[in-house]
Structures are given as structure tokens and as C-alpha cells.
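Engineer: What follows is the file protein_6.txt, containing compact mmCIF, C-alpha atoms:
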# COMPACT_ATOMS: atom_id res chain seq x y z
CA MET A 13 7.63 -46.96 81.76
CA ALA A 14 4.55 -45.13 80.68
CA THR A 15 6.60 -42.11 79.75
CA LEU A 16 8.97 -44.29 77.77
CA LEU A 17 6.11 -45.93 75.91
CA SER A 18 4.52 -42.61 75.12
CA PHE A 19 7.88 -41.28 74.00
CA SER A 20 8.39 -44.21 71.63
CA ARG A 21 4.86 -43.78 70.33
CA PHE A 22 5.61 -40.15 69.68
CA LEU A 23 8.80 -41.12 67.86
CA ASN A 24 6.90 -43.65 65.82
CA TYR A 25 4.31 -41.10 64.94
CA ALA A 26 6.91 -38.55 63.96
CA ALA A 27 8.81 -41.06 61.88
CA SER A 28 5.72 -42.26 60.06
CA ASN A 29 4.69 -38.67 59.43
CA CYS A 30 8.09 -37.75 58.06
CA LEU A 31 8.18 -40.83 55.89
CA ARG A 32 4.78 -40.09 54.52
CA ARG A 33 5.90 -36.62 53.69
CA VAL A 34 9.18 -37.61 52.19
CA ALA A 35 8.07 -40.67 50.31
CA PRO A 36 6.09 -39.11 47.46
CA ALA A 37 8.82 -36.60 46.70
CA VAL A 38 11.44 -39.35 46.59
CA ILE A 39 9.39 -41.81 44.61
CA CYS A 40 8.08 -39.31 42.10
CA LYS A 41 11.38 -37.58 41.51
CA GLN A 42 11.44 -39.09 38.05
CA TYR A 43 9.51 -37.06 35.56
CA TYR A 44 8.75 -37.29 31.92
CA PRO A 45 10.60 -34.67 29.94
CA ALA A 46 9.71 -35.88 26.49
CA LEU A 47 5.97 -36.17 26.52
CA ARG A 48 3.90 -35.73 23.45
CA LEU A 49 2.32 -32.35 22.98
CA TRP A 50 -1.29 -33.36 22.98
CA GLU A 51 -1.16 -35.36 26.20
CA THR A 52 -2.16 -33.79 29.45
CA PRO A 53 0.86 -32.20 31.10
CA VAL A 54 2.07 -33.14 34.54
CA ARG A 55 0.75 -30.67 37.03
CA THR A 56 2.99 -29.42 39.77
CA PRO A 57 1.16 -27.42 42.39
CA ILE A 58 3.15 -24.35 43.22
CA ALA A 59 2.79 -22.60 46.53
CA GLU A 60 1.38 -19.14 46.00
CA TYR A 61 2.43 -15.96 47.72
CA ARG A 62 -0.52 -15.24 49.89
CA THR A 63 -0.40 -14.00 53.43
CA ALA A 64 -4.04 -13.81 54.49
CA LYS A 65 -5.47 -17.31 54.44
CA PRO A 66 -9.21 -17.75 54.95
CA PRO A 67 -10.14 -20.75 57.13
CA TRP A 68 -11.75 -22.65 54.28
CA MET A 69 -8.52 -22.73 52.28
CA ARG A 70 -6.44 -25.85 52.36
CA PRO A 71 -3.09 -25.35 54.07
CA ILE A 72 -0.24 -24.98 51.63
CA PRO A 73 2.48 -27.53 52.32
CA ASN A 74 5.94 -26.15 52.86
CA TYR A 75 7.51 -28.82 50.67
CA GLN A 76 7.11 -29.12 46.95
CA THR A 77 4.70 -31.82 45.96
CA GLU A 78 4.94 -33.55 42.64
CA ILE A 79 1.78 -35.45 41.81
CA GLN A 80 2.78 -37.69 38.98
CA GLU A 81 1.72 -41.00 37.69
CA TRP A 82 4.20 -43.81 37.90
CA ASN A 83 4.14 -45.86 34.78
CA GLU A 84 6.94 -48.16 33.65
CA GLU A 85 5.84 -48.03 30.03
CA ARG A 86 5.76 -44.25 29.81
CA GLU A 87 9.02 -44.07 31.65
CA LYS A 88 10.63 -46.32 29.07
CA ILE A 89 9.18 -44.31 26.19
CA CYS A 90 10.53 -41.10 27.68
CA THR A 91 13.96 -42.56 28.25
CA ASP A 92 14.07 -43.90 24.71
CA VAL A 93 13.03 -40.57 23.21
CA THR A 94 15.56 -38.67 25.30
CA ASN A 95 18.30 -41.09 24.34
CA GLU A 96 17.40 -40.80 20.68
CA ILE A 97 17.53 -37.00 20.83
CA ASN A 98 20.82 -37.10 22.69
CA ASN A 99 22.16 -39.51 20.11
CA GLN A 100 21.14 -37.19 17.28
CA ILE A 101 22.77 -34.24 19.02
CA ALA A 102 25.95 -36.22 19.67
CA THR A 103 26.26 -37.46 16.10
CA ASP A 104 25.28 -34.03 14.72
CA SER A 105 22.45 -35.52 12.68
CA THR A 106 19.68 -33.23 13.85
CA GLY A 107 19.57 -31.46 10.51
CA ARG A 108 18.50 -27.86 10.23
CA MET A 109 17.07 -26.49 13.44
CA PHE A 110 14.73 -23.62 14.10
CA ALA A 111 14.18 -21.59 17.21
CA VAL A 112 11.74 -19.10 18.62
CA VAL A 113 13.58 -16.22 20.22
CA GLN A 114 12.39 -13.08 21.89
CA VAL A 115 14.31 -9.95 20.99
CA CYS A 116 13.28 -6.48 22.10
CA GLY A 117 9.85 -7.69 23.18
CA LYS A 118 9.00 -9.45 19.94
CA GLN A 119 9.23 -13.11 19.11
CA PHE A 120 10.73 -14.41 15.90
CA LYS A 121 10.80 -17.91 14.48
CA ILE A 122 14.25 -18.20 13.04
CA THR A 123 16.54 -20.72 11.44
CA GLU A 124 20.12 -20.49 10.27
CA HIS A 125 20.93 -17.63 7.83
CA ASP A 126 17.63 -15.90 8.49
CA ILE A 127 17.27 -12.14 8.53
CA ILE A 128 15.20 -10.37 11.14
CA ILE A 129 14.63 -6.66 11.65
CA ILE A 130 14.23 -5.21 15.10
CA GLU A 131 12.35 -1.98 15.52
CA GLY A 132 13.14 0.75 17.95
CA PHE A 133 16.25 1.89 19.74
CA TRP A 134 18.66 -0.96 20.31
CA PRO A 135 22.30 -0.36 21.28
CA PRO A 136 24.19 -3.10 19.33
CA ASN A 137 26.25 -1.71 16.46
CA ILE A 138 27.06 -3.10 13.02
CA GLY A 139 29.37 -6.07 12.94
CA ASP A 140 28.59 -7.06 16.54
CA GLN A 141 28.33 -10.76 17.26
CA LEU A 142 25.40 -11.42 19.56
CA LYS A 143 24.16 -14.44 21.43
CA LEU A 144 20.39 -14.43 21.71
CA GLU A 145 19.59 -15.87 25.10
CA LYS A 146 15.82 -15.75 25.35
CA VAL A 147 15.13 -18.93 23.43
CA LEU A 148 11.57 -20.09 23.94
CA LEU A 149 11.65 -23.12 21.69
CA ILE A 150 14.05 -25.06 19.57
CA GLY A 151 13.06 -27.64 17.04
CA SER A 152 14.39 -29.88 14.33
CA LYS A 153 12.92 -32.37 11.89
CA ASP A 154 12.32 -35.00 14.56
CA PHE A 155 11.97 -33.27 17.90
CA THR A 156 11.07 -30.04 19.62
CA LEU A 157 12.37 -28.69 22.91
CA ILE A 158 9.98 -26.32 24.58
CA GLY A 159 11.14 -23.95 27.28
CA ARG A 160 9.11 -23.25 30.38
CA PRO A 161 9.16 -20.37 29.53
CA ILE A 162 12.71 -20.27 28.14
CA LEU A 163 15.33 -22.90 27.56
CA ASN A 164 18.49 -23.13 29.57
CA ARG A 165 20.90 -20.64 28.07
CA GLU A 166 23.80 -23.03 28.45
CA LEU A 167 21.93 -25.74 26.62
CA VAL A 168 21.15 -23.80 23.46
CA SER A 169 23.08 -21.09 21.69
CA VAL A 170 21.68 -18.84 18.99
CA ASP A 171 24.32 -16.60 17.43
CA ALA A 172 23.57 -13.54 15.35
CA THR A 173 25.40 -10.69 13.66
CA VAL A 174 24.18 -7.13 13.33
CA ILE A 175 24.41 -6.22 9.66
CA GLU A 176 22.56 -2.95 9.42
CA LYS A 177 21.38 -0.11 11.56
CA THR A 178 19.25 2.39 9.79
CA LEU A 179 16.06 4.38 9.96
CA SER A 180 12.78 3.36 8.41
CA HIS A 181 11.04 5.35 5.70
CA THR A 182 9.21 8.46 6.82
CA LYS A 183 5.93 7.50 8.38
CA THR A 184 3.00 9.88 8.59
CA ARG A 185 0.82 10.25 11.61
CA PHE A 186 -2.25 12.26 10.76
CA ARG A 187 -4.99 13.03 13.28
CA PHE A 188 -8.19 14.67 12.21
CA GLN A 189 -11.56 15.36 13.75
CA ALA A 190 -14.35 16.41 11.47
CA ARG A 191 -16.07 19.75 12.20
CA LYS A 192 -13.80 20.42 15.17
CA GLN A 193 -11.04 22.44 13.52
CA TYR A 194 -8.57 19.82 14.65
CA ARG A 195 -5.83 18.44 12.49
CA ARG A 196 -2.30 17.45 13.42
CA ILE A 197 0.32 15.97 11.19
CA ASN A 198 3.56 14.44 12.41
CA PHE A 199 6.32 12.68 10.54
CA TYR A 200 8.60 10.21 12.16
CA ARG A 201 11.14 7.51 11.40
CA ILE A 202 11.99 4.62 13.67
CA GLN A 203 15.25 2.77 14.12
CA HIS A 204 15.69 -0.54 12.32
CA THR A 205 18.37 -3.05 13.23
CA MET A 206 18.88 -5.94 10.85
CA LEU A 207 20.19 -9.19 12.26
CA ARG A 208 21.60 -12.21 10.49
CA ILE A 209 21.25 -15.49 12.37
CA ASN A 210 24.56 -17.33 12.14
CA SER A 211 23.95 -20.58 13.95
CA ILE A 212 21.56 -22.47 16.18
CA ASN A 213 23.13 -25.17 18.31
CA ILE A 214 22.34 -27.47 21.20
CA ASN A 215 25.33 -27.86 23.47
CA GLY A 216 25.38 -31.08 25.42
CA ASN A 217 22.72 -33.58 26.30
CA ILE A 218 19.17 -32.68 27.11
CA ASN A 219 17.58 -33.82 30.38
CA GLU A 220 20.82 -33.51 32.27
CA LYS A 221 21.08 -31.48 35.41
CA LYS A 222 24.56 -30.04 35.79
CA GLU A 223 26.14 -29.72 39.21
CA VAL A 224 27.07 -26.07 38.71
CA GLU A 225 25.34 -23.70 36.35
CA GLY A 226 25.90 -20.16 35.24
CA LEU A 227 29.66 -20.41 34.80
CA ASP A 228 29.45 -19.50 31.11
CA ARG A 229 29.60 -15.83 31.89
CA VAL A 230 30.95 -13.55 34.55
CA TYR A 231 29.36 -10.28 35.54
CA MET B 70 -2.14 15.43 4.17
CA SER B 71 0.98 13.83 2.83
CA ASN B 72 0.38 10.76 0.70
CA LYS B 73 3.93 10.50 -0.45
CA TYR B 74 4.33 7.06 1.04
CA LEU B 75 1.84 5.68 -1.49
CA PHE B 76 4.45 5.96 -4.20
CA LEU B 77 7.20 4.54 -2.08
CA ASN B 78 9.03 1.41 -3.21
CA SER B 79 8.50 -1.55 -0.98
CA GLY B 80 10.47 -4.70 -0.52
CA PHE B 81 11.28 -7.68 1.63
CA PRO B 82 14.29 -7.86 3.91
CA ARG B 83 17.35 -8.95 2.00
CA ALA B 84 21.02 -8.55 2.66
CA PRO B 85 23.48 -8.12 -0.21
CA PHE B 86 26.19 -10.71 -0.88
CA GLY B 87 25.22 -12.95 2.03
CA LEU B 88 26.31 -10.24 4.39
CA GLY B 89 26.91 -11.43 7.93
CA ILE B 90 27.24 -15.11 7.10
CA GLY B 91 30.99 -14.89 7.11
CA ARG B 92 32.98 -11.78 7.98
CA TYR B 93 31.09 -8.53 8.25
CA VAL B 94 32.13 -5.93 5.68
CA CYS B 95 31.13 -2.28 5.92
CA GLN B 96 28.87 -1.65 2.97
CA LEU B 97 29.55 2.05 2.58
CA GLN B 98 31.77 2.45 -0.46
CA ARG B 99 32.31 6.17 -0.82
CA ILE B 100 30.87 9.28 0.69
CA THR B 101 31.01 12.80 -0.76
CA LEU B 102 30.63 15.95 1.31
CA LYS B 103 29.69 18.99 -0.75
CA PHE B 104 29.68 22.36 0.95
CA CYS B 105 30.19 26.10 0.55
CA LYS B 106 33.07 27.91 2.23
CA ASN B 107 31.18 31.14 2.81
CA ARG B 108 27.53 30.46 3.44
CA GLY B 109 26.11 30.02 6.92
CA GLY B 110 24.07 26.95 5.96
CA SER B 111 27.29 24.98 5.57
CA ARG B 112 28.57 25.88 9.00
CA GLY B 113 27.84 22.54 10.61
CA ILE B 114 29.37 20.50 7.84
CA ARG B 115 32.41 22.78 7.81
CA GLY B 116 32.80 22.16 11.52
CA PHE B 117 32.57 18.44 10.88
CA ILE B 118 35.22 18.61 8.18
CA GLU B 119 37.49 20.64 10.41
CA HIS B 120 37.23 18.53 13.56
CA ASP B 121 35.86 15.06 12.88
CA LEU B 122 36.48 14.09 9.30
CA VAL B 123 40.06 12.87 9.73
CA ASN B 124 39.05 10.59 12.58
CA TYR B 125 36.07 9.34 10.57
CA ALA B 126 38.27 8.43 7.61
CA ARG B 127 40.86 6.82 9.89
CA GLU B 128 38.32 4.68 11.70
CA ASN B 129 36.76 3.51 8.44
CA PRO B 130 39.61 2.55 6.13
CA GLY B 131 37.21 0.87 3.71
CA VAL B 132 35.36 4.10 2.97
CA VAL B 133 36.52 6.63 0.39
CA VAL B 134 35.74 10.16 1.52
CA TYR B 135 35.53 13.01 -0.96
CA VAL B 136 35.26 16.66 0.07
CA LYS B 137 34.02 19.03 -2.59
CA PRO B 138 33.78 22.77 -1.93
CA ARG B 139 31.48 24.66 -4.27
CA ARG B 140 30.51 28.27 -4.20
CA HIS B 141 27.06 29.38 -2.97
CA ARG B 142 25.36 26.02 -3.12
CA GLN B 143 23.59 24.07 -0.41
CA PRO B 144 25.60 21.51 1.56
CA VAL B 145 24.95 17.91 0.57
CA ILE B 146 26.11 14.46 1.62
CA VAL B 147 26.03 11.65 -0.94
CA ALA B 148 26.69 8.10 0.19
CA GLU B 149 27.28 5.23 -2.25
CA TYR B 150 27.00 1.59 -1.22
CA LEU B 151 28.55 -1.62 -2.48
CA ASN B 152 25.26 -2.84 -3.91
CA GLY B 153 25.00 0.24 -6.16
CA ASP B 154 22.49 2.08 -4.00
CA ASN B 155 23.16 5.69 -3.12
CA GLN B 156 21.61 8.18 -0.76
CA TRP B 157 21.58 11.92 -1.31
CA MET B 158 20.76 14.13 1.62
CA GLU B 159 20.78 17.85 2.13
CA VAL B 160 22.34 19.11 5.36
CA ALA B 161 21.72 22.85 5.21
CA ASN B 162 21.67 24.49 8.64
CA TYR B 163 22.58 21.27 10.39
CA SER B 164 24.71 21.58 13.48
CA ARG B 165 28.01 19.78 13.75
CA GLU B 166 26.54 17.16 16.12
CA ASP B 167 23.75 16.47 13.67
CA VAL B 168 26.20 15.96 10.85
CA VAL B 169 28.19 13.55 13.03
CA LYS B 170 25.04 11.54 13.69
CA TRP B 171 23.97 11.44 10.05
CA MET B 172 27.44 10.42 8.92
CA GLU B 173 27.29 7.57 11.42
CA LEU B 174 23.88 6.53 10.12
CA LEU B 175 25.07 6.55 6.51
CA ARG B 176 27.97 4.36 7.53
CA THR B 177 25.87 1.73 9.33
CA GLN B 178 23.30 1.11 6.61
CA PHE B 179 23.60 -0.57 3.22
CA HIS B 180 20.73 0.87 1.27
CA ASN B 181 18.87 4.11 0.82
CA GLY B 182 16.74 3.93 3.96
CA PRO B 183 13.99 6.49 3.30
CA SER B 184 13.31 5.21 -0.23
CA LEU B 185 12.29 1.71 0.75
CA ARG B 186 9.49 0.38 2.89
CA TRP B 187 9.90 -3.09 4.40
CA ARG B 188 6.81 -5.22 3.95
CA LYS B 189 8.02 -7.81 6.44
CA LEU B 190 10.51 -7.74 9.25
CA TRP B 191 11.62 -11.32 8.71
CA HIS B 192 13.14 -13.27 5.86
CA THR B 193 13.84 -16.97 5.68
CA GLU B 194 14.84 -19.37 2.93
CA PHE B 195 13.39 -22.31 4.87
CA PRO B 196 9.79 -21.51 5.81
CA SER B 197 9.05 -24.87 7.38
CA ILE B 198 11.31 -27.49 8.88
CA GLN B 199 8.87 -29.92 10.45
CA GLY B 200 6.50 -29.53 7.51
CA PRO B 201 3.54 -27.19 7.24
CA TRP B 202 0.43 -27.99 9.21
CA THR B 203 -2.27 -29.93 7.38
CA PRO B 204 -5.68 -31.11 8.60
CA PHE B 205 -4.14 -34.56 9.02
CA THR B 206 -1.28 -33.43 11.26
CA PHE B 207 -1.54 -35.01 14.72
CA ARG B 208 -4.57 -37.07 13.61
CA ASN B 209 -4.98 -40.79 14.01
CA PRO B 210 -3.28 -42.50 11.04
CA MET B 211 -6.10 -45.07 11.00
CA LEU B 212 -8.01 -42.42 9.05
CA ASN B 213 -5.86 -43.31 6.05
CA LEU B 214 -7.28 -46.83 5.89
CA VAL B 215 -10.94 -45.86 6.00
CA GLN B 216 -13.01 -46.76 2.95
CA LEU B 217 -14.88 -43.73 1.69
CA PRO B 218 -17.74 -42.93 1.57
CA ASN B 219 -18.00 -43.71 5.24
CA LYS B 220 -21.14 -43.14 7.27
CA GLU B 221 -19.32 -42.36 10.49
CA PHE B 222 -16.81 -39.89 9.09
CA GLY B 223 -19.03 -38.56 6.32
CA ALA B 224 -21.83 -37.51 8.63
CA ALA B 225 -22.37 -33.86 9.29
CA VAL B 226 -21.22 -32.55 12.64
CA LYS B 227 -24.15 -32.92 15.01
CA LEU B 228 -24.42 -30.10 17.48
CA GLY B 229 -27.93 -30.42 18.96
CA PRO B 230 -31.43 -31.67 18.18
CA THR B 231 -32.79 -30.08 15.03
CA ALA B 232 -36.23 -28.53 14.85
CA THR B 233 -37.55 -31.61 13.06
CA GLU B 234 -36.21 -33.90 15.76
CA GLN B 235 -37.71 -31.74 18.48
CA LEU B 236 -41.07 -31.90 16.72
CA VAL B 237 -40.83 -35.67 16.46
CA GLU B 238 -40.03 -35.86 20.16
CA LEU B 239 -43.02 -33.69 21.01
CA PHE B 240 -45.23 -35.79 18.80
CA LYS B 241 -44.11 -39.01 20.40
CA ALA B 242 -44.69 -37.61 23.88
CA GLN B 243 -48.16 -36.51 22.85
CA GLN B 244 -48.86 -39.94 21.38
CA LEU B 245 -47.86 -41.61 24.62
CA ALA B 246 -50.10 -39.30 26.63
CA ASP B 247 -53.00 -39.92 24.27
CA LYS B 248 -52.44 -43.63 24.48
CA ALA B 249 -52.54 -43.50 28.26
CA VAL B 250 -55.77 -41.49 28.20
CA ASN B 251 -57.32 -43.80 25.62
CA ASP B 252 -56.32 -46.90 27.53
CA SER B 253 -57.99 -45.60 30.64
CA CYS B 254 -61.18 -44.47 28.89
CA GLN B 255 -61.38 -47.20 26.24
CA ASN B 256 -62.74 -44.73 23.76
CA VAL B 257 -64.35 -46.09 20.61
CA GLU B 258 -63.15 -43.26 18.35
CA GLU B 259 -59.54 -44.05 19.12
CA THR B 260 -58.51 -44.95 15.65
CA SER B 261 -60.17 -42.00 13.94
CA VAL B 262 -58.57 -39.47 16.32
CA HIS B 263 -55.18 -41.03 15.86
CA VAL B 264 -55.52 -40.95 12.09
CA GLN B 265 -56.50 -37.28 12.15
CA ARG B 266 -53.54 -36.33 14.29
CA THR B 267 -51.03 -38.14 12.17
Turn the structure described in the file into C-alpha cells.

Structural biologist:
Amino acid sequence: MATLLSFSRFLNYAASNCLRRVAPAVICKQYYPALRLWETPVRTPIAEYRTAKPPWMRPIPNYQTEIQEWNEEREKICTDVTNEINNQIATDSTGRMFAVVQVCGKQFKITEHDIIIIEGFWPPNIGDQLKLEKVLLIGSKDFTLIGRPILNRELVSVDATVIEKTLSHTKTRFRFQARKQYRRINFYRIQHTMLRINSININGNINEKKEVEGLDRVY
Amino acid sequence: MSNKYLFLNSGFPRAPFGLGIGRYVCQLQRITLKFCKNRGGSRGIRGFIEHDLVNYARENPGVVVYVKPRRHRQPVIVAEYLNGDNQWMEVANYSREDVVKWMELLRTQFHNGPSLRWRKLWHTEFPSIQGPWTPFTFRNPMLNLVQLPNKEFGAAVKLGPTATEQLVELFKAQQLADKAVNDSCQNVEETSVHVQRT
């Protein structure tokens, strides 16, 4: 009998422990995607890669914890904002959109029919249609989607055409040290690739997690 | 030191005829190869004409290629573009591979590259979509209703106690101390001392 009791107590303990662990993750699964910029962001503690743990460090839980406030009012605001954005996307009334893309290590703020020049060696040739996939931000008159750090490449598509590949003017690199009989002069030209942005689009609704991702391209 | 770049034309990125918005069109209109049949300096360009030129012309049907032999002159390539720009370049003592590369470069550009310096690497017709930032962006709109002049908003930004305020503080502390001393001693010359200090 005593063993049975102790066993049930153990079960109880385990169950309560599990529940305590599971509960916050389940309850706080909802998050606020459309928060205003100047409000404090929701902090998600991320387990760090650290092998040696000093005794004074708190143990890192093996499950992801999401510490978020639960607020009906904010929840409603977020849902409304998301719905409004989705509505605008669906009815194609977003107006002109802009995006921040990273190409060849540099970031450009672009909108439709813009021209950007990329410096340095870059393989695409003239007439090539490109899809710029590193989109850090996309915005329109009424809303802004910010990637963390980049937006889902299925969600947004930024298309561009290569219209020119040329060399820059001749640049001079002159090095000189006074009173040291040292002077070097080099001339160089760097590659320039001119891009025309054709379109910036949002495909599908925001704040929707698809069942399967990454089917848009095959390696 | 070469200061040639000081007299270089400069400009902002533009594309002729809305290039790239619809179909892409190769902007090279015609290209002229001038060379000598005898001289060694024209060897590379002669090799290009012999081996690669037919393929080049076949692959680029929109480009008119002229070949112009001339006696005892340096070899030259002249490219003319649809926007009226043209580039002249001398190719004396270039190898065949070099000529292939330069011909490719002349085909892929639409202006005389070395004669123009870009001042920016970005061009847009729509500089701002959400509106440019102003001091009132992201501020409380209640500020619009405030009657000016307003004491609260018109006051200078206060960072710390000024020297005057510190002096006043010191003076008050001293006064308190004096008062305590005077109270304990009940000095007769209280008033005169106080008057002198103030």
C-alpha cells in the first residue's frame, strides 16, 4: 500500500511538473506580430551554445520559453491590424511598396522602377531576370513588415533585371610618404552592374504559417 | 600624380528609354573594328576577326559589325550605342583573349564607361513613400492642440543644477546652519550678521 501511495505521489508530482512546464508554452503560443515600432519588443530567451557552465549560472531549460504578456486588448489590436494588412494585400490596394534588400553585401532601399548599381564582380549577365531574396524590410503607405533579419522568401518577391555590366571610370590610387622616397601610383577600374527593379510584391497573407515551406525552388 | 579625374564628367544613374522595365534590348548599335593587315600590333584583333567575329555577329543579331582594314595604322574598336554615345578604344598589342573580353564589355554596356563618373549608385523617382521624417513623426498628436507660448513645452531642456542654483543651495544650507548656531547661543548680533551675509 505504501509503495502504491508513493508511486501515485510520484505520478502526481511528475504530472504537475510536466503541466507546469507545458502550460506557459501552450498558453503563450499567441504572439503579437503587428506591434508598433516604439513599444518594447517581446523578448524570447534563446538558449546559448555554451558547454562549460559555472555553478552560479542558471540552468538553461531544454524547451523554448516564451515570456509574453497576455492581454485581450492588445491581442485584438494585433488581429485587427493583421486583418487590415491582409485585406489590403488581397484587394491589391497597398499602393506603391518599397523594400530594403541586401545585394552583394550592400543594402539598398528600393521601390518599383528604381535603378541600383552593384560594385565588384558579380556573375549575372545583361538581360537576366533576378529575384532578390534577401529582403530585410518591406513597406507601403500604411504598414511595414520587418524581417528578423530577413523576410520569408516565399512571402515577398522582389524582381529585377540586369541592364548594364560595365567598368567604372579609371580610379587613381596614389600613395606617398614625405621625405621617404616612397611614391606608388596605381590605376584601377571596378565592375559595375546596373539593376532595374521590376516589381515588389507580397504573395499571400502575412502571419500565416504554411504547413510545408521551401517548395518554391528545387536544388 | 594623375589628376585627370578632376575633369571627368559626372552623373547620376539613369537608364535610356526605360530600359529593363519591359523587354531588355541590347543597347549596342554598331561596332567598328579597324586594323592593319601587316603590323604586329593588330595581331590580336586579326585573330579575333578570323576566329570569333562570325560567332559574335551571329549571337548578337541586333548589332551591326563593320570591319575596316587600313594600312599601317593602330588597331581601334569603336562602339556606338542607341542613346548616341560612342566609345573609342585602342587595342594595339592586345591578345586575342583580351579583344574577346573587351568586345564582350562593349556589348554589355550602354554608355561610354570611362568618360562618366557615377555620383550615386542608386536612382529613384519616389524618394519617400511613407513620407519624410519630421520632428513631429511618432510624437503625441496632443502637441498640436497646445496653446503657445507654453511654459511646459517652451522651457529649456534642464540637464542638471546650474551654478546659480548650486550657489543658492549652498547659501540655504549655510543659513540653516547659522540659524541652528544662533538659536543655541541666542546671540544679540544675529540680525547684523545675517544682513552682512546676504

Engineer: At a cut-off of 9 Å, can you tabulate as a Markdown table every residue of chain A near chain B together with its closest atom pair and the distance in Å to one decimal, using all atoms listed in the file and ordering rows by chain then number?

Structural biologist:
| residue | atom | partner | partner_atom | distance |
| --- | --- | --- | --- | --- |
| A:Trp50 | CA | B:Phe207 | CA | 8.4 |
| A:Arg108 | CA | B:Ile198 | CA | 7.3 |
| A:Met109 | CA | B:Ile198 | CA | 7.4 |
| A:Phe110 | CA | B:Ile198 | CA | 7.3 |
| A:Phe120 | CA | B:Trp191 | CA | 7.9 |
| A:Lys121 | CA | B:Trp191 | CA | 8.8 |
| A:Ile122 | CA | B:Thr193 | CA | 7.5 |
| A:Thr123 | CA | B:Thr193 | CA | 7.4 |
| A:Glu124 | CA | B:Thr193 | CA | 8.5 |
| A:His125 | CA | B:Ile90 | CA | 6.8 |
| A:Asp126 | CA | B:Thr193 | CA | 4.8 |
| A:Ile127 | CA | B:His192 | CA | 5.0 |
| A:Ile128 | CA | B:Trp191 | CA | 4.4 |
| A:Ile129 | CA | B:Leu190 | CA | 4.9 |
| A:Ile130 | CA | B:Leu190 | CA | 7.4 |
| A:Glu131 | CA | B:Leu190 | CA | 8.7 |
| A:Asn137 | CA | B:Thr177 | CA | 7.9 |
| A:Ile138 | CA | B:Thr177 | CA | 6.2 |
| A:Gly139 | CA | B:Tyr93 | CA | 5.6 |
| A:Asp140 | CA | B:Tyr93 | CA | 8.8 |
| A:Gly151 | CA | B:Gln199 | CA | 8.1 |
| A:Ser152 | CA | B:Ile198 | CA | 6.7 |
| A:Lys153 | CA | B:Gln199 | CA | 4.9 |
| A:Asp154 | CA | B:Gln199 | CA | 7.4 |
| A:Phe155 | CA | B:Gln199 | CA | 8.7 |
| A:Ala172 | CA | B:Gly89 | CA | 8.4 |
| A:Thr173 | CA | B:Gly89 | CA | 6.0 |
| A:Val174 | CA | B:Gly89 | CA | 7.4 |
| A:Ile175 | CA | B:Gly89 | CA | 6.0 |
| A:Glu176 | CA | B:Gln178 | CA | 5.0 |
| A:Lys177 | CA | B:Thr177 | CA | 5.3 |
| A:Thr178 | CA | B:Gln178 | CA | 5.3 |
| A:Leu179 | CA | B:Gly182 | CA | 6.1 |
| A:Ser180 | CA | B:Gly182 | CA | 6.0 |
| A:His181 | CA | B:Pro183 | CA | 4.0 |
| A:Thr182 | CA | B:Pro183 | CA | 6.3 |
| A:Lys183 | CA | B:Tyr74 | CA | 7.5 |
| A:Thr184 | CA | B:Ser71 | CA | 7.3 |
| A:Phe186 | CA | B:Met70 | CA | 7.3 |
| A:Ile197 | CA | B:Met70 | CA | 7.5 |
| A:Arg201 | CA | B:Pro183 | CA | 8.6 |
| A:Met206 | CA | B:Pro82 | CA | 8.5 |
| A:Leu207 | CA | B:Gly89 | CA | 8.3 |
| A:Arg208 | CA | B:Gly89 | CA | 5.9 |
| A:Ile209 | CA | B:Ile90 | CA | 8.0 |
| A:Asn210 | CA | B:Ile90 | CA | 6.1 |

Engineer: Between CA of Ala148 in chain B and CA of Tyr135 in chain B, what is the distance, to one decimal in Å?

Structural biologist: 10.2 Å

Engineer: How many Å lie between CA of Asp104 in chain A and CA of Gly216 in chain A, rounded to one decimal?

Structural biologist: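 Spanning CA of Asp104 in chain A to CA of Gly216 in chain A is a straight-line distance of 11.1 Å.
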
Engineer: Using only C-alpha atoms, which of the listed residues (B:Met211, B:Val134, B:Ile118, B:Leu97) sits closest to Glu166 in chain B?

Structural biologist: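 Nearest candidate to Glu166 in chain B out of B:Met211, B:Val134, B:Ile118, B:Leu97: B:Ile118.
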
Engineer: So what do you get for CA of Thr94 in chain A versus CA of Asn217 in chain A, distance-wise?

Structural biologist: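 Separation of CA of Thr94 in chain A and CA of Asn217 in chain A: 8.8 Å.
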
Engineer: Using only C-alpha atoms, determine which residues lie at most 8 Å from Ile162 in chain A, disregarding the query and same-chain residues fewer than 3 positions distant; provide the list as a ChimeraX atom specification.

Structural biologist: /A:146-149,158-159

Engineer: Because some atoms of range 164-175 of chain A are absent here, can you restore N, CA and C atoms and send them as a short mmCIF file (atom, residue, chain, number, x, y, z; two decimals), in the frame of the given file?

Structural biologist:
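Now in out11.cif:
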data_model
loop_
_atom_site.label_atom_id
_atom_site.label_comp_id
_atom_site.auth_asym_id
_atom_site.auth_seq_id
_atom_site.Cartn_x
_atom_site.Cartn_y
_atom_site.Cartn_z
N ASN A 164 17.26 -23.41 28.86
CA ASN A 164 18.49 -23.13 29.57
C ASN A 164 19.48 -22.48 28.60
N ARG A 165 20.06 -21.36 29.02
CA ARG A 165 20.90 -20.64 28.07
C ARG A 165 22.25 -21.30 27.87
N GLU A 166 22.59 -22.26 28.72
CA GLU A 166 23.80 -23.03 28.45
C GLU A 166 23.52 -24.17 27.49
N LEU A 167 22.28 -24.59 27.46
CA LEU A 167 21.93 -25.74 26.62
C LEU A 167 21.88 -25.35 25.15
N VAL A 168 21.29 -24.20 24.87
CA VAL A 168 21.15 -23.80 23.46
C VAL A 168 21.90 -22.50 23.25
N SER A 169 22.42 -22.35 22.03
CA SER A 169 23.08 -21.09 21.69
C SER A 169 22.62 -20.65 20.32
N VAL A 170 22.12 -19.44 20.24
CA VAL A 170 21.68 -18.84 18.99
C VAL A 170 22.57 -17.62 18.76
N ASP A 171 23.37 -17.68 17.71
CA ASP A 171 24.32 -16.60 17.43
C ASP A 171 23.82 -15.76 16.28
N ALA A 172 24.04 -14.46 16.38
CA ALA A 172 23.57 -13.54 15.35
C ALA A 172 24.60 -12.44 15.15
N THR A 173 24.53 -11.82 13.97
CA THR A 173 25.40 -10.69 13.66
C THR A 173 24.53 -9.51 13.27
N VAL A 174 24.90 -8.34 13.73
CA VAL A 174 24.18 -7.13 13.33
C VAL A 174 24.74 -6.68 11.99
N ILE A 175 23.90 -6.58 10.97
CA ILE A 175 24.41 -6.22 9.66
C ILE A 175 23.95 -4.84 9.21
#
